[in-house]
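**Student:** The following file, final_14.pdb, comprises PDB, C-alpha atoms and all ligand atoms:
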ATOM      1  CA  MET A   1     -10.814   4.881   0.065  1.00  0.00           C
ATOM      2  CA  PRO A   2      -9.241   8.273   0.857  1.00  0.00           C
ATOM      3  CA  GLU A   3      -8.333  10.733  -1.916  1.00  0.00           C
ATOM      4  CA  LYS A   4      -4.792  11.125  -0.652  1.00  0.00           C
ATOM      5  CA  GLU A   5      -1.979   9.161  -2.252  1.00  0.00           C
ATOM      6  CA  VAL A   6      -0.037   7.747   0.666  1.00  0.00           C
ATOM      7  CA  VAL A   7       2.718   5.219   0.018  1.00  0.00           C
ATOM      8  CA  ILE A   8       5.237   3.593   2.369  1.00  0.00           C
ATOM      9  CA  LEU A   9       8.952   3.248   1.660  1.00  0.00           C
ATOM     10  CA  ARG A  10      10.456   0.498   3.809  1.00  0.00           C
ATOM     11  CA  ILE A  11      14.243   0.725   4.084  1.00  0.00           C
ATOM     12  CA  GLY A  12      16.847  -1.398   5.869  1.00  0.00           C
ATOM     13  CA  HIS A  13      14.883  -4.661   5.467  1.00  0.00           C
ATOM     14  CA  ARG A  14      16.990  -7.765   6.186  1.00  0.00           C
ATOM     15  CA  PRO A  15      15.279 -10.793   4.575  1.00  0.00           C
ATOM     16  CA  GLU A  16      16.757 -13.209   7.106  1.00  0.00           C
ATOM     17  CA  ARG A  17      15.133 -11.479  10.096  1.00  0.00           C
ATOM     18  CA  ASP A  18      12.666  -8.746   9.084  1.00  0.00           C
ATOM     19  CA  GLN A  19      10.157 -10.680   6.941  1.00  0.00           C
ATOM     20  CA  ARG A  20       7.396 -10.734   9.521  1.00  0.00           C
ATOM     21  CA  VAL A  21       7.788  -7.105  10.599  1.00  0.00           C
ATOM     22  CA  THR A  22       8.023  -5.818   7.013  1.00  0.00           C
ATOM     23  CA  THR A  23       4.937  -7.838   6.042  1.00  0.00           C
ATOM     24  CA  HIS A  24       3.119  -6.273   8.988  1.00  0.00           C
ATOM     25  CA  VAL A  25       4.275  -2.793   7.944  1.00  0.00           C
ATOM     26  CA  GLY A  26       2.629  -3.449   4.568  1.00  0.00           C
ATOM     27  CA  LEU A  27      -0.539  -4.961   6.040  1.00  0.00           C
ATOM     28  CA  THR A  28      -0.868  -2.110   8.523  1.00  0.00           C
ATOM     29  CA  GLY A  29      -0.418   0.444   5.747  1.00  0.00           C
ATOM     30  CA  ARG A  30      -3.013  -1.349   3.624  1.00  0.00           C
ATOM     31  CA  ALA A  31      -5.566  -1.617   6.442  1.00  0.00           C
ATOM     32  CA  LEU A  32      -5.124   2.031   7.428  1.00  0.00           C
ATOM     33  CA  GLY A  33      -5.399   3.771   4.067  1.00  0.00           C
ATOM     34  CA  ALA A  34      -2.008   3.656   2.305  1.00  0.00           C
ATOM     35  CA  ARG A  35      -1.994   2.818  -1.425  1.00  0.00           C
ATOM     36  CA  GLY A  36       1.114   0.646  -1.443  1.00  0.00           C
ATOM     37  CA  MET A  37       4.597  -0.124  -0.196  1.00  0.00           C
ATOM     38  CA  TYR A  38       7.981   0.205  -1.875  1.00  0.00           C
ATOM     39  CA  LEU A  39      10.518  -2.189  -0.395  1.00  0.00           C
ATOM     40  CA  ALA A  40      14.168  -1.162  -0.712  1.00  0.00           C
ATOM     41  CA  ALA A  41      15.361  -4.789  -0.741  1.00  0.00           C
ATOM     42  CA  SER A  42      14.679  -7.989  -2.597  1.00  0.00           C
ATOM     43  CA  ASP A  43      12.084 -10.180  -0.880  1.00  0.00           C
ATOM     44  CA  LYS A  44       9.492 -11.963  -2.982  1.00  0.00           C
ATOM     45  CA  GLY A  45       8.114 -13.687   0.140  1.00  0.00           C
ATOM     46  CA  VAL A  46       6.989 -10.359   1.601  1.00  0.00           C
ATOM     47  CA  VAL A  47       5.556  -9.224  -1.739  1.00  0.00           C
ATOM     48  CA  GLN A  48       3.629 -12.487  -2.184  1.00  0.00           C
ATOM     49  CA  SER A  49       2.161 -12.394   1.334  1.00  0.00           C
ATOM     50  CA  ILE A  50       0.841  -8.882   0.791  1.00  0.00           C
ATOM     51  CA  VAL A  51      -0.452  -9.657  -2.710  1.00  0.00           C
ATOM     52  CA  ASP A  52      -2.269 -12.736  -1.327  1.00  0.00           C
ATOM     53  CA  VAL A  53      -3.948 -10.737   1.446  1.00  0.00           C
ATOM     54  CA  THR A  54      -5.016  -8.030  -1.004  1.00  0.00           C
ATOM     55  CA  ALA A  55      -6.457 -10.595  -3.430  1.00  0.00           C
ATOM     56  CA  ARG A  56      -8.588 -12.141  -0.676  1.00  0.00           C
ATOM     57  CA  TRP A  57      -9.473  -9.071   1.393  1.00  0.00           C
ATOM     58  CA  GLY A  58      -9.854  -6.490  -1.382  1.00  0.00           C
ATOM     59  CA  GLY A  59      -8.604  -3.050  -2.299  1.00  0.00           C
ATOM     60  CA  GLU A  60      -5.755  -2.138  -4.629  1.00  0.00           C
ATOM     61  CA  PHE A  61      -2.693  -2.087  -2.377  1.00  0.00           C
ATOM     62  CA  PHE A  62       0.561  -2.655  -4.284  1.00  0.00           C
ATOM     63  CA  CYS A  63       3.898  -3.945  -3.036  1.00  0.00           C
ATOM     64  CA  SER A  64       7.119  -3.562  -5.069  1.00  0.00           C
ATOM     65  CA  ASP A  65      10.512  -4.854  -3.976  1.00  0.00           C
ATOM     66  CA  ASN A  66      13.991  -4.051  -5.330  1.00  0.00           C
ATOM     67  CA  VAL A  67      13.270  -0.333  -5.113  1.00  0.00           C
ATOM     68  CA  LYS A  68      16.253   2.026  -4.948  1.00  0.00           C
ATOM     69  CA  TRP A  69      15.424   4.353  -2.068  1.00  0.00           C
ATOM     70  CA  ARG A  70      17.339   7.410  -3.356  1.00  0.00           C
ATOM     71  CA  SER A  71      15.642   7.398  -6.752  1.00  0.00           C
ATOM     72  CA  CYS A  72      12.288   6.561  -5.145  1.00  0.00           C
ATOM     73  CA  ILE A  73      12.515   9.683  -2.953  1.00  0.00           C
ATOM     74  CA  LYS A  74      13.788  11.810  -5.839  1.00  0.00           C
ATOM     75  CA  ASP A  75      11.021  10.674  -8.208  1.00  0.00           C
ATOM     76  CA  TRP A  76       8.353  11.157  -5.527  1.00  0.00           C
ATOM     77  CA  LYS A  77       9.447  14.739  -4.897  1.00  0.00           C
ATOM     78  CA  ALA A  78       9.741  15.452  -8.634  1.00  0.00           C
ATOM     79  CA  ALA A  79       6.109  14.345  -8.970  1.00  0.00           C
ATOM     80  CA  GLY A  80       5.079  16.932  -6.354  1.00  0.00           C
ATOM     81  CA  GLY A  81       4.954  14.653  -3.312  1.00  0.00           C
ATOM     82  CA  VAL A  82       6.273  15.244   0.175  1.00  0.00           C
ATOM     83  CA  VAL A  83       8.398  12.836   2.189  1.00  0.00           C
ATOM     84  CA  VAL A  84       7.746  11.996   5.849  1.00  0.00           C
ATOM     85  CA  HIS A  85      10.391  10.033   7.745  1.00  0.00           C
ATOM     86  CA  LEU A  86       9.163   8.386  10.939  1.00  0.00           C
ATOM     87  CA  THR A  87      11.888   8.645  13.557  1.00  0.00           C
ATOM     88  CA  MET A  88      11.874   9.153  17.309  1.00  0.00           C
ATOM     89  CA  TYR A  89      14.304  12.049  16.776  1.00  0.00           C
ATOM     90  CA  GLY A  90      11.830  14.108  14.730  1.00  0.00           C
ATOM     91  CA  LEU A  91       9.172  16.672  15.629  1.00  0.00           C
ATOM     92  CA  ASN A  92       6.447  15.130  17.733  1.00  0.00           C
ATOM     93  CA  LEU A  93       3.382  14.046  15.739  1.00  0.00           C
ATOM     94  CA  PRO A  94       0.786  16.352  17.363  1.00  0.00           C
ATOM     95  CA  ASP A  95       3.041  19.370  16.758  1.00  0.00           C
ATOM     96  CA  ILE A  96       3.353  18.842  12.978  1.00  0.00           C
ATOM     97  CA  ILE A  97       0.395  16.768  11.728  1.00  0.00           C
ATOM     98  CA  GLU A  98      -1.773  19.822  10.904  1.00  0.00           C
ATOM     99  CA  GLU A  99       0.911  21.002   8.477  1.00  0.00           C
ATOM    100  CA  ILE A 100       1.211  17.567   6.832  1.00  0.00           C
ATOM    101  CA  ARG A 101      -2.516  16.710   6.651  1.00  0.00           C
ATOM    102  CA  PRO A 102      -3.399  18.964   3.666  1.00  0.00           C
ATOM    103  CA  GLN A 103      -0.721  17.323   1.499  1.00  0.00           C
ATOM    104  CA  ALA A 104      -2.180  15.155  -1.280  1.00  0.00           C
ATOM    105  CA  LYS A 105       0.829  12.921  -1.971  1.00  0.00           C
ATOM    106  CA  ILE A 106       2.840  11.581   0.962  1.00  0.00           C
ATOM    107  CA  LEU A 107       5.693   9.066   1.014  1.00  0.00           C
ATOM    108  CA  ILE A 108       6.242   7.634   4.502  1.00  0.00           C
ATOM    109  CA  ILE A 109       9.698   6.217   5.207  1.00  0.00           C
ATOM    110  CA  VAL A 110      10.120   3.634   7.954  1.00  0.00           C
ATOM    111  CA  GLY A 111      13.406   1.985   8.883  1.00  0.00           C
ATOM    112  CA  ALA A 112      14.436  -1.351  10.312  1.00  0.00           C
ATOM    113  CA  GLU A 113      17.634  -1.392  12.389  1.00  0.00           C
ATOM    114  CA  LYS A 114      19.681   1.567  11.140  1.00  0.00           C
ATOM    115  CA  VAL A 115      18.580   4.439   8.922  1.00  0.00           C
ATOM    116  CA  PRO A 116      21.222   6.205   6.768  1.00  0.00           C
ATOM    117  CA  GLY A 117      21.833   9.759   8.020  1.00  0.00           C
ATOM    118  CA  GLU A 118      21.081  11.110   4.532  1.00  0.00           C
ATOM    119  CA  ILE A 119      17.391  10.250   4.989  1.00  0.00           C
ATOM    120  CA  TYR A 120      16.987  12.934   7.668  1.00  0.00           C
ATOM    121  CA  GLY A 121      18.029  15.620   5.176  1.00  0.00           C
ATOM    122  CA  LEU A 122      16.039  14.229   2.251  1.00  0.00           C
ATOM    123  CA  ALA A 123      12.794  14.112   4.251  1.00  0.00           C
ATOM    124  CA  ASP A 124      10.506  17.142   4.225  1.00  0.00           C
ATOM    125  CA  TYR A 125       9.305  16.119   7.682  1.00  0.00           C
ATOM    126  CA  ASN A 126      11.057  14.011  10.321  1.00  0.00           C
ATOM    127  CA  VAL A 127       8.190  12.954  12.560  1.00  0.00           C
ATOM    128  CA  ALA A 128       8.330  11.301  15.977  1.00  0.00           C
ATOM    129  CA  VAL A 129       5.481   9.277  17.386  1.00  0.00           C
ATOM    130  CA  THR A 130       6.603  10.134  20.902  1.00  0.00           C
ATOM    131  CA  GLY A 131      10.311  10.579  21.607  1.00  0.00           C
ATOM    132  CA  GLN A 132      10.535   6.987  22.815  1.00  0.00           C
ATOM    133  CA  PRO A 133      11.887   4.002  20.859  1.00  0.00           C
ATOM    134  CA  HIS A 134       9.241   1.520  19.751  1.00  0.00           C
ATOM    135  CA  SER A 135       8.407   0.081  16.347  1.00  0.00           C
ATOM    136  CA  GLU A 136       7.878   0.905  12.680  1.00  0.00           C
ATOM    137  CA  ILE A 137       4.488  -0.826  12.845  1.00  0.00           C
ATOM    138  CA  SER A 138       3.145   1.178  15.787  1.00  0.00           C
ATOM    139  CA  SER A 139       4.591   4.471  14.516  1.00  0.00           C
ATOM    140  CA  LEU A 140       3.088   3.903  11.063  1.00  0.00           C
ATOM    141  CA  ALA A 141      -0.323   2.999  12.505  1.00  0.00           C
ATOM    142  CA  LEU A 142      -0.492   6.072  14.705  1.00  0.00           C
ATOM    143  CA  PHE A 143       0.790   8.373  11.977  1.00  0.00           C
ATOM    144  CA  LEU A 144      -1.852   7.145   9.500  1.00  0.00           C
ATOM    145  CA  ASP A 145      -4.622   7.385  12.069  1.00  0.00           C
ATOM    146  CA  HIS A 146      -3.706  11.001  12.829  1.00  0.00           C
ATOM    147  CA  LEU A 147      -3.224  11.813   9.151  1.00  0.00           C
ATOM    148  CA  PHE A 148      -6.699  10.547   8.253  1.00  0.00           C
ATOM    149  CA  SER A 149      -8.272  11.766  11.527  1.00  0.00           C
ATOM    150  CA  ALA A 150      -9.484   8.191  12.186  1.00  0.00           C
ATOM    151  CA  SER A 151     -11.673   8.179   9.027  1.00  0.00           C
ATOM    152  CA  GLU A 152      -9.569   5.264   7.681  1.00  0.00           C
ATOM    153  CA  LEU A 153     -11.218   2.992  10.253  1.00  0.00           C
ATOM    154  CA  LYS A 154     -14.357   3.069   8.065  1.00  0.00           C
ATOM    155  CA  ASN A 155     -12.641   2.347   4.725  1.00  0.00           C
ATOM    156  CA  GLU A 156     -14.288  -0.164   2.381  1.00  0.00           C
ATOM    157  CA  PHE A 157     -12.130  -2.681   0.486  1.00  0.00           C
ATOM    158  CA  TYR A 158     -13.684  -3.329  -2.912  1.00  0.00           C
ATOM    159  CA  GLY A 159     -13.249  -6.577  -4.829  1.00  0.00           C
ATOM    160  CA  ALA A 160     -12.804  -8.719  -1.698  1.00  0.00           C
ATOM    161  CA  GLN A 161     -13.510 -12.457  -1.671  1.00  0.00           C
ATOM    162  CA  ILE A 162     -14.334 -12.382   2.015  1.00  0.00           C
ATOM    163  CA  ARG A 163     -15.533  -9.890   4.554  1.00  0.00           C
ATOM    164  CA  ILE A 164     -16.011  -9.942   8.290  1.00  0.00           C
ATOM    165  CA  ILE A 165     -19.429  -9.358   9.773  1.00  0.00           C
ATOM    166  CA  PRO A 166     -18.618  -7.463  12.971  1.00  0.00           C
ATOM    167  CA  SER A 167     -19.949  -9.415  15.922  1.00  0.00           C
ATOM    168  CA  LYS A 168     -20.152  -8.869  19.632  1.00  0.00           C
ATOM    169  CA  ALA A 169     -19.034 -12.446  20.178  1.00  0.00           C
ATOM    170  CA  GLY A 170     -17.687 -15.175  17.911  1.00  0.00           C
ATOM    171  CA  LYS A 171     -16.300 -14.994  14.379  1.00  0.00           C
ATOM    172  CA  ARG A 172     -18.650 -14.322  11.466  1.00  0.00           C
ATOM    173  CA  THR A 173     -17.487 -14.008   7.881  1.00  0.00           C
ATOM    174  CA  GLU A 174     -19.179 -13.830   4.500  1.00  0.00           C
ATOM    175  CA  GLU A 175     -17.736 -15.210   1.226  1.00  0.00           C
ATOM    176  CA  LEU A 176     -18.481 -12.740  -1.572  1.00  0.00           C
TER
HETATM  177  N1  LIG B 201      17.599   2.369  16.476  1.00  0.00           N
HETATM  178  C1  LIG B 201      17.162   2.544  15.139  1.00  0.00           C
HETATM  179  C2  LIG B 201      17.716   3.828  14.535  1.00  0.00           C
HETATM  180  O1  LIG B 201      18.395   4.557  15.209  1.00  0.00           O
HETATM  181  O2  LIG B 201      17.439   4.066  13.361  1.00  0.00           O
HETATM  182  C3  LIG B 201      15.634   2.551  15.131  1.00  0.00           C
HETATM  183  C4  LIG B 201      15.058   1.185  14.954  1.00  0.00           C
HETATM  184  S1  LIG B 201      13.302   1.105  15.097  1.00  0.00           S
HETATM  185  C5  LIG B 201      13.047  -0.505  15.686  1.00  0.00           C
HETATM  186  C6  LIG B 201      12.760   0.918  13.432  1.00  0.00           C
HETATM  187  C7  LIG B 201      11.949   2.046  12.913  1.00  0.00           C
HETATM  188  O3  LIG B 201      10.820   2.259  13.735  1.00  0.00           O
HETATM  189  C8  LIG B 201      12.624   3.371  12.816  1.00  0.00           C
HETATM  190  O4  LIG B 201      13.460   3.486  11.690  1.00  0.00           O
HETATM  191  C9  LIG B 201      11.415   4.315  12.727  1.00  0.00           C
HETATM  192  O5  LIG B 201      10.930   4.406  11.404  1.00  0.00           O
HETATM  193  C10 LIG B 201      10.390   3.596  13.588  1.00  0.00           C
HETATM  194  N2  LIG B 201      10.264   4.172  14.942  1.00  0.00           N
HETATM  195  C11 LIG B 201      10.647   3.619  16.108  1.00  0.00           C
HETATM  196  N3  LIG B 201      10.347   4.415  17.136  1.00  0.00           N
HETATM  197  C12 LIG B 201       9.763   5.512  16.616  1.00  0.00           C
HETATM  198  C13 LIG B 201       9.205   6.707  17.169  1.00  0.00           C
HETATM  199  N4  LIG B 201       9.204   6.942  18.468  1.00  0.00           N
HETATM  200  N5  LIG B 201       8.687   7.609  16.315  1.00  0.00           N
HETATM  201  C14 LIG B 201       8.660   7.401  14.986  1.00  0.00           C
HETATM  202  N6  LIG B 201       9.162   6.285  14.410  1.00  0.00           N
HETATM  203  C15 LIG B 201       9.699   5.358  15.209  1.00  0.00           C
END
Output the file's structure as structure tokens, nothing else.

**Tutor:**
Amino acid sequence: MPEKEVVILRIGHRPERDQRVTTHVGLTGRALGARGMYLAASDKGVVQSIVDVTARWGGEFFCSDNVKWRSCIKDWKAAGGVVVHLTMYGLNLPDIIEEIRPQAKILIIVGAEKVPGEIYGLADYNVAVTGQPHSEISSLALFLDHLFSASELKNEFYGAQIRIIPSKAGKRTEEL
């Protein structure tokens, strides 16, 4: 796994409608090299889904709900980390990624429907993955891929119960 400590902060989650998307934010972060996800809402269903996937597919990804986003950002910065907020209003990814890449400790904020205006000022970097509206899942995936220069596609997930044997056709898996 990469040396960088990259963690996601998911804000604005509405349990009645965002469960699937928030779970996919976590799974995307896990698959593409993040260490964990803080969820600024209470949702044990999301936490359990991500914990279950990690138990079966390996790695050490964590998921914590009930996180207070202001103190999460404050504590992260106090520990020497930088904060990246993914927003279509920010600086475009290719124009800023070289400056962010050397950072060792990165908190990535993604929103749901509406992001409080305060977040834009608290972030060290407001980063756009194009200036077009799309999704927290796609913006996170592209940001991580650029951050890790695609090396995350070769990550190993230790302690897995199952692994896929890449195949040209069909589905092959191995129980470990
Ligand atoms: N309309 C909402 C707003 O003004 O905050 C945005 C909702 S969007 C579905 C949810 C999240 O996806 C955003 O908070 C942002 O993190 C991410 N997102 C969407 N498009 C993006 C883009 N072009 N670049 C970076 N992040 C983006």

**Student:** Step by step, measure atom-to-atom distances between ligand LIG 201 (chain B) and each residue using only C-alpha atoms and all ligand atoms, keep those at most 6 Å, then write them as a compact mmCIF listing (two decimals) with C-alpha atoms, in the frame of the given file.

**Tutor:**
# COMPACT_ATOMS: atom_id res chain seq x y z
CA LEU A 86 9.16 8.39 10.94
CA THR A 87 11.89 8.64 13.56
CA MET A 88 11.87 9.15 17.31
CA VAL A 110 10.12 3.63 7.95
CA GLY A 111 13.41 1.98 8.88
CA ALA A 112 14.44 -1.35 10.31
CA GLU A 113 17.63 -1.39 12.39
CA LYS A 114 19.68 1.57 11.14
CA VAL A 115 18.58 4.44 8.92
CA ALA A 128 8.33 11.30 15.98
CA VAL A 129 5.48 9.28 17.39
CA THR A 130 6.60 10.13 20.90
CA GLY A 131 10.31 10.58 21.61
CA GLN A 132 10.54 6.99 22.82
CA PRO A 133 11.89 4.00 20.86
CA HIS A 134 9.24 1.52 19.75
CA SER A 135 8.41 0.08 16.35
CA GLU A 136 7.88 0.90 12.68
CA SER A 139 4.59 4.47 14.52

**Student:** One number please: atom CA of Leu176 of chain A to atom CA of Val46 of chain A, in Å, one decimal.

**Tutor:**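 Separation between atom CA of Leu176 of chain A and atom CA of Val46 of chain A: 25.8 Å.
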
**Student:** What's around Gly80 of chain A at 12 Å? Count only C-alpha atoms, leave out sequence neighbours fewer than 3 positions away in its own chain, and write the answer as a ChimeraX atom specification.

**Tutor:** /A:5,73-77,83,103-107,124

**Student:** Only C-alpha atoms, please: the residues just picked out, written as an mmCIF file, in the coordinates of the input.

**Tutor:**
data_model
loop_
_atom_site.group_PDB
_atom_site.id
_atom_site.type_symbol
_atom_site.label_atom_id
_atom_site.label_comp_id
_atom_site.auth_asym_id
_atom_site.auth_seq_id
_atom_site.Cartn_x
_atom_site.Cartn_y
_atom_site.Cartn_z
ATOM 1 C CA GLU A 5 -1.979 9.161 -2.252
ATOM 2 C CA ILE A 73 12.515 9.683 -2.953
ATOM 3 C CA LYS A 74 13.788 11.810 -5.839
ATOM 4 C CA ASP A 75 11.021 10.674 -8.208
ATOM 5 C CA TRP A 76 8.353 11.157 -5.527
ATOM 6 C CA LYS A 77 9.447 14.739 -4.897
ATOM 7 C CA VAL A 83 8.398 12.836 2.189
ATOM 8 C CA GLN A 103 -0.721 17.323 1.499
ATOM 9 C CA ALA A 104 -2.180 15.155 -1.280
ATOM 10 C CA LYS A 105 0.829 12.921 -1.971
ATOM 11 C CA ILE A 106 2.840 11.581 0.962
ATOM 12 C CA LEU A 107 5.693 9.066 1.014
ATOM 13 C CA ASP A 124 10.506 17.142 4.225
#

**Student:** Point out the residue among A:Phe157, A:Tyr38, A:Phe143, A:Tyr125 with the least atom-to-atom distance to Phe62 of chain A, counting all atoms listed in the file.

**Tutor:** A:Tyr38

**Student:** What separation in Å, quoted to one decimal, exists between atom CA of Ala34 of chain A and atom CA of Ala79 of chain A?

**Tutor:** 17.5 Å
